[in-house]
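The next block holds one structure in the form of structure tokens; read it before the comments.
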Amino acid sequence: MDTVGVLAHRGGLLVDRPELTVGVVRAVSRSDGLEVELIARVPVDRLDSWGGPSAARHLLPAYDEGLDLRLGWLDAGGRARWEYPTTTASATHYRWPRKRFRSLHVLPPLFDEVSLVLAWPEIGFPETVVALPLPGRAEVERDDAPLWTPGGGVPVVDEWERLPVEDLSPEQIPDEVPVETGTVVAAPVVLHGSAEATVTLARVTAVGPLLSVAVLTAARGATAEAVNVAAFAAHPPDAAHWDGLAIAVVHGSTARRLWLSGGTLSGGSGDFTAATDFVLPRPDGPLDLLVSWPVAGLSEVRVRVELEVP
């Protein structure tokens, strides 16, 4: 992946039924494909009674390898093309009435509009077709920005510009933010970067008075080797800020570290990628951030991201 991508959908629920809700977390178009991230929620008692009547299969084959929600798209001939997720994760909590299933799907390059197909016959959810408007090919080719760039941050070089940083109080953040019900209010953009490292704002979603912020960090070459040591050798993989990323939101005369709500990371020879989610109260104005990634050679910058009204 060498480009940021173009916002393809502003999120929200596609399905809202008693047996299943499905919402778009993130959808990004590139010239080489369409990424769609979904969250599905199923009542726990529905899963406990697995084995009840199944929904009919019309677009799905008689047998398939899927276990949870399936996602596909209709081609020009009306045939369903099923795309298995590249990543999946499920979670439950004693306070949640529904179990959460999160998945990322990579579809072929699709433009203007796509008819998505959702299916989960085992829980009685019928095959459902949803039309999703998409940006056109010309818009994607024009607006898709390169990933490995410096970004739009202003370097913080003088001590008087440096703000004291404190932790954002976890009491301000609920256990669970239903991000798939919100609205994306900022397009993907590089916050900070170089030829071998990048910090990208992948998504900003407004959910009531809160923002759910997704940040992608990536490194390559010799920089990736240094980051891999910091992420995997010096710290356990489940530690907060595994890769040494420091990100805070400016609040008056101080800055508050963002509250990490989840994420994933992977690394190998000459390659590193991490995706992290943060939650914070929505500011009255722009999202004003301090960003640094010292182990990747990225000193502190200040970036202001304008937020649209949902």
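FYI, nothing fancy with the structure tokens labels: chains A, B, ... in order, residues from 1 per chain, ligands from 1 as they appear.
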
From a DSSP calculation on the backbone, collect every residue of segment 101-232 of chain A in helix (DSSP H, G or I) and output the set as a ChimeraX atom specification.
-> /A:121-123,137-143,159-161,170-172,179-181,221-232

What does the file look like for those residues with N, CA, C and O atoms, as a short mmCIF file (atom, residue, chain, number, x, y, z; two decimals), in the first residue's frame?
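Full text of out26.cif as output:
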```cif
data_model
loop_
_atom_site.label_atom_id
_atom_site.label_comp_id
_atom_site.auth_asym_id
_atom_site.auth_seq_id
_atom_site.Cartn_x
_atom_site.Cartn_y
_atom_site.Cartn_z
N PRO A 121 -26.50 -17.01 6.98
CA PRO A 121 -27.65 -17.92 7.03
C PRO A 121 -27.79 -18.67 8.35
O PRO A 121 -28.91 -19.00 8.76
N GLU A 122 -26.68 -18.94 9.04
CA GLU A 122 -26.73 -19.76 10.25
C GLU A 122 -27.55 -19.13 11.37
O GLU A 122 -28.07 -19.84 12.24
N ILE A 123 -27.65 -17.79 11.40
CA ILE A 123 -28.43 -17.14 12.45
C ILE A 123 -29.80 -16.69 11.93
O ILE A 123 -30.52 -15.96 12.61
N ARG A 137 -13.96 6.86 -10.77
CA ARG A 137 -12.56 6.55 -11.05
C ARG A 137 -11.72 7.82 -11.16
O ARG A 137 -10.61 7.89 -10.63
N ALA A 138 -12.23 8.83 -11.86
CA ALA A 138 -11.46 10.06 -12.04
C ALA A 138 -11.18 10.73 -10.71
O ALA A 138 -10.07 11.25 -10.48
N GLU A 139 -12.16 10.76 -9.80
CA GLU A 139 -11.95 11.36 -8.49
C GLU A 139 -10.90 10.61 -7.69
O GLU A 139 -10.03 11.22 -7.05
N VAL A 140 -10.93 9.29 -7.74
CA VAL A 140 -9.95 8.50 -7.00
C VAL A 140 -8.55 8.73 -7.54
O VAL A 140 -7.60 8.93 -6.79
N GLU A 141 -8.41 8.70 -8.87
CA GLU A 141 -7.09 8.90 -9.46
C GLU A 141 -6.56 10.30 -9.19
O GLU A 141 -5.35 10.50 -9.03
N ARG A 142 -7.44 11.28 -9.07
CA ARG A 142 -7.02 12.67 -8.83
C ARG A 142 -6.66 12.90 -7.36
O ARG A 142 -5.67 13.58 -7.06
N ASP A 143 -7.43 12.36 -6.44
CA ASP A 143 -7.31 12.74 -5.03
C ASP A 143 -6.52 11.76 -4.17
O ASP A 143 -6.20 12.08 -3.02
N GLU A 159 11.35 25.39 22.68
CA GLU A 159 10.83 24.91 23.95
C GLU A 159 9.54 25.62 24.35
O GLU A 159 8.65 25.03 24.93
N TRP A 160 9.43 26.91 24.02
CA TRP A 160 8.23 27.63 24.43
C TRP A 160 6.99 27.15 23.69
O TRP A 160 5.86 27.37 24.13
N GLU A 161 7.21 26.43 22.57
CA GLU A 161 6.08 25.88 21.83
C GLU A 161 5.61 24.53 22.39
O GLU A 161 4.52 24.07 22.07
N PRO A 170 -9.51 8.28 31.77
CA PRO A 170 -10.32 7.18 31.22
C PRO A 170 -11.77 7.26 31.64
O PRO A 170 -12.64 6.65 31.02
N GLU A 171 -12.07 8.02 32.71
CA GLU A 171 -13.46 8.16 33.14
C GLU A 171 -14.30 8.87 32.08
O GLU A 171 -15.53 8.78 32.09
N GLN A 172 -13.65 9.61 31.18
CA GLN A 172 -14.37 10.31 30.14
C GLN A 172 -14.77 9.41 28.97
O GLN A 172 -15.52 9.82 28.10
N VAL A 179 -18.79 2.57 16.95
CA VAL A 179 -18.25 3.41 15.89
C VAL A 179 -19.00 3.22 14.58
O VAL A 179 -19.12 4.15 13.77
N GLU A 180 -19.56 2.02 14.35
CA GLU A 180 -20.25 1.75 13.09
C GLU A 180 -21.57 2.51 12.97
O GLU A 180 -22.16 2.53 11.88
N THR A 181 -22.03 3.11 14.05
CA THR A 181 -23.26 3.92 13.98
C THR A 181 -22.98 5.39 13.75
O THR A 181 -23.91 6.18 13.57
N GLY A 221 12.14 -0.49 5.11
CA GLY A 221 13.59 -0.38 5.06
C GLY A 221 14.23 -0.44 6.42
O GLY A 221 13.76 -1.11 7.35
N ALA A 222 15.34 0.29 6.58
CA ALA A 222 16.08 0.29 7.83
C ALA A 222 15.26 0.85 8.99
O ALA A 222 15.39 0.41 10.14
N THR A 223 14.38 1.80 8.70
CA THR A 223 13.52 2.35 9.76
C THR A 223 12.60 1.27 10.32
O THR A 223 12.37 1.20 11.53
N ALA A 224 12.07 0.43 9.46
CA ALA A 224 11.20 -0.65 9.92
C ALA A 224 11.95 -1.61 10.84
O ALA A 224 11.38 -2.11 11.82
N GLU A 225 13.21 -1.86 10.55
CA GLU A 225 13.99 -2.75 11.42
C GLU A 225 14.09 -2.17 12.83
O GLU A 225 13.94 -2.88 13.83
N ALA A 226 14.32 -0.86 12.94
CA ALA A 226 14.41 -0.22 14.24
C ALA A 226 13.07 -0.25 14.97
O ALA A 226 12.99 -0.48 16.18
N VAL A 227 11.99 -0.02 14.22
CA VAL A 227 10.66 -0.03 14.83
C VAL A 227 10.29 -1.43 15.29
O VAL A 227 9.70 -1.61 16.37
N ASN A 228 10.64 -2.44 14.51
CA ASN A 228 10.33 -3.81 14.91
C ASN A 228 11.00 -4.18 16.24
O ASN A 228 10.41 -4.85 17.08
N VAL A 229 12.23 -3.72 16.43
CA VAL A 229 12.91 -3.98 17.70
C VAL A 229 12.16 -3.32 18.84
O VAL A 229 11.91 -3.92 19.89
N ALA A 230 11.74 -2.07 18.63
CA ALA A 230 11.02 -1.34 19.69
C ALA A 230 9.66 -1.97 19.97
O ALA A 230 9.23 -2.05 21.12
N ALA A 231 9.01 -2.46 18.93
CA ALA A 231 7.65 -2.96 19.09
C ALA A 231 7.60 -4.38 19.63
O ALA A 231 6.74 -4.72 20.44
N PHE A 232 8.53 -5.23 19.18
CA PHE A 232 8.44 -6.65 19.53
C PHE A 232 9.47 -7.11 20.55
O PHE A 232 9.20 -8.03 21.32
#
```

Write out as a ChimeraX atom specification which residues come within 12 Å of Asp144 of chain A when counting only C-alpha atoms, dropping same-chain ones fewer than 4 positions away.
-> /A:1-8,28-33,135-140,187-190

Please identify which residues in segment 96-294 of chain A DSSP calls strand (DSSP E or B) from the backbone, and express them as JSON, numbers by chain.
-> {"A": [98, 99, 100, 101, 102, 103, 104, 105, 106, 107, 113, 114, 115, 116, 117, 118, 119, 120, 125, 126, 127, 128, 129, 130, 131, 132, 133, 146, 154, 155, 165, 166, 167, 183, 184, 185, 186, 189, 190, 191, 192, 193, 197, 198, 199, 200, 201, 202, 203, 204, 205, 206, 207, 210, 211, 212, 213, 214, 215, 216, 217, 218, 219, 220, 246, 247, 248, 249, 250, 251, 254, 255, 256, 257, 259, 260, 261, 262, 263, 264, 265, 266, 267, 268, 271, 272, 273, 274, 275, 276, 277, 278, 279, 280, 281, 287, 288, 289, 290, 291, 292, 293]}

Got a sec: who's within 6 Å of Ser212 of chain A, counting only C-alpha atoms, leaving out chain neighbours fewer than 4 positions off, as a PyMOL selection string?
-> chain A and resi 204-205+278-279

Saved selection, atoms kept: N, CA, C and O atoms, as a tab-separated table (two decimals), in the first residue's frame:
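File part-v1.tsv, as written:
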```tsv
chain	number	residue	atom	x	y	z
A	204	VAL	N	-11.68	9.50	11.16
A	204	VAL	CA	-12.20	10.21	12.33
A	204	VAL	C	-13.72	10.10	12.26
A	204	VAL	O	-14.34	10.59	11.31
A	205	THR	N	-14.31	9.44	13.26
A	205	THR	CA	-15.75	9.20	13.26
A	205	THR	C	-16.38	9.84	14.48
A	205	THR	O	-15.94	9.63	15.61
A	278	PHE	N	-8.27	5.19	18.80
A	278	PHE	CA	-8.31	6.06	19.98
A	278	PHE	C	-9.71	6.65	20.12
A	278	PHE	O	-10.43	6.78	19.14
A	279	VAL	N	-10.08	6.99	21.35
A	279	VAL	CA	-11.36	7.62	21.62
A	279	VAL	C	-11.12	8.87	22.46
A	279	VAL	O	-10.31	8.85	23.39
```

Shell of 10 Å around Leu289 of chain A, only C-alpha atoms, local chain residues under 2 positions omitted, as a PyMOL selection string | chain A and resi 153+191+247-251+255-258+286-287+291-292+301-305

Please identify all polymer residues within 9 Å of Pro310 of chain A, counting only C-alpha atoms, omitting same-chain residues fewer than 2 positions from it, and present them as a PyMOL selection string.
-> chain A and resi 182-185+206+307-308

Excluding Ala119 of chain A and residues on its chain fewer than 3 positions from it, collect all residues at most 7 Å away from it, counting only C-alpha atoms, and give them as a PyMOL selection string.
-> chain A and resi 69-71+125-128

Grab the residues selected above and save them as a CSV table (one decimal), in the first residue's frame with all heavy atoms.
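Result saved to selection.csv:
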```
chain,number,residue,atom,x,y,z
A,69,LEU,N,-20.5,-13.4,9.4
A,69,LEU,CA,-21.0,-12.6,8.3
A,69,LEU,C,-20.2,-12.7,7.0
A,69,LEU,O,-19.0,-12.6,7.0
A,69,LEU,CB,-21.0,-11.1,8.7
A,69,LEU,CG,-21.6,-10.1,7.7
A,69,LEU,CD1,-23.1,-10.3,7.6
A,69,LEU,CD2,-21.2,-8.7,8.2
A,70,ARG,N,-20.9,-12.9,5.9
A,70,ARG,CA,-20.3,-12.9,4.6
A,70,ARG,C,-20.5,-11.6,3.9
A,70,ARG,O,-21.6,-11.0,4.0
A,70,ARG,CB,-20.8,-14.1,3.7
A,70,ARG,CG,-20.2,-15.4,4.0
A,70,ARG,CD,-20.7,-16.0,5.3
A,70,ARG,NE,-20.9,-17.5,5.1
A,70,ARG,CZ,-21.5,-18.2,6.0
A,70,ARG,NH1,-22.0,-17.6,7.2
A,70,ARG,NH2,-21.7,-19.5,5.9
A,71,LEU,N,-19.5,-11.2,3.1
A,71,LEU,CA,-19.7,-10.0,2.3
A,71,LEU,C,-19.3,-10.3,0.9
A,71,LEU,O,-18.3,-10.9,0.6
A,71,LEU,CB,-18.7,-8.8,2.8
A,71,LEU,CG,-18.7,-7.6,2.0
A,71,LEU,CD1,-20.0,-6.8,2.1
A,71,LEU,CD2,-17.5,-6.7,2.3
A,125,PHE,N,-30.3,-14.8,9.2
A,125,PHE,CA,-30.3,-13.5,8.5
A,125,PHE,C,-30.3,-13.8,7.0
A,125,PHE,O,-29.4,-14.4,6.5
A,125,PHE,CB,-29.0,-12.7,8.9
A,125,PHE,CG,-28.9,-11.5,8.1
A,125,PHE,CD1,-29.7,-10.4,8.3
A,125,PHE,CD2,-27.8,-11.3,7.2
A,125,PHE,CE1,-29.6,-9.2,7.6
A,125,PHE,CE2,-27.6,-10.1,6.5
A,125,PHE,CZ,-28.5,-9.1,6.7
A,126,PRO,N,-31.3,-13.3,6.3
A,126,PRO,CA,-31.4,-13.5,4.9
A,126,PRO,C,-30.4,-12.7,4.1
A,126,PRO,O,-29.9,-11.7,4.5
A,126,PRO,CB,-32.8,-13.1,4.5
A,126,PRO,CG,-33.1,-12.0,5.5
A,126,PRO,CD,-32.4,-12.4,6.8
A,127,GLU,N,-30.1,-13.2,2.9
A,127,GLU,CA,-29.2,-12.5,2.0
A,127,GLU,C,-29.8,-11.1,1.7
A,127,GLU,O,-30.9,-11.0,1.3
A,127,GLU,CB,-29.0,-13.3,0.7
A,127,GLU,CG,-28.3,-14.6,0.9
A,127,GLU,CD,-28.3,-15.5,-0.3
A,127,GLU,OE1,-29.1,-15.2,-1.3
A,127,GLU,OE2,-27.6,-16.5,-0.3
A,128,THR,N,-29.0,-10.1,1.9
A,128,THR,CA,-29.4,-8.7,1.7
A,128,THR,C,-28.5,-7.9,0.8
A,128,THR,O,-27.3,-8.0,1.0
A,128,THR,CB,-29.5,-8.0,3.1
A,128,THR,OG1,-30.4,-8.8,3.9
A,128,THR,CG2,-30.0,-6.6,3.0
```

Hey, what's within 9 Å of His105 of chain A if we count only C-alpha atoms and toss same-chain stuff fewer than 5 positions away? As a list in words, please?
-> Leu34, Glu35, Val36, Glu37, Leu38, Leu71, Glu83, Tyr84, Pro85, Thr86 and Thr87 of chain A

From A:Leu118, A:Thr254, A:Leu132, A:Ser103, residue lying nearest Arg57 of chain A [only C-alpha atoms] |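 Nearest candidate to Arg57 of chain A out of A:Leu118, A:Thr254, A:Leu132, A:Ser103: A:Leu118.
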
Atom CA of Thr217 of chain A to atom CA of Phe101 of chain A, distance in Å rounded to a single decimal =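 These two atoms are separated by 23.5 Å.
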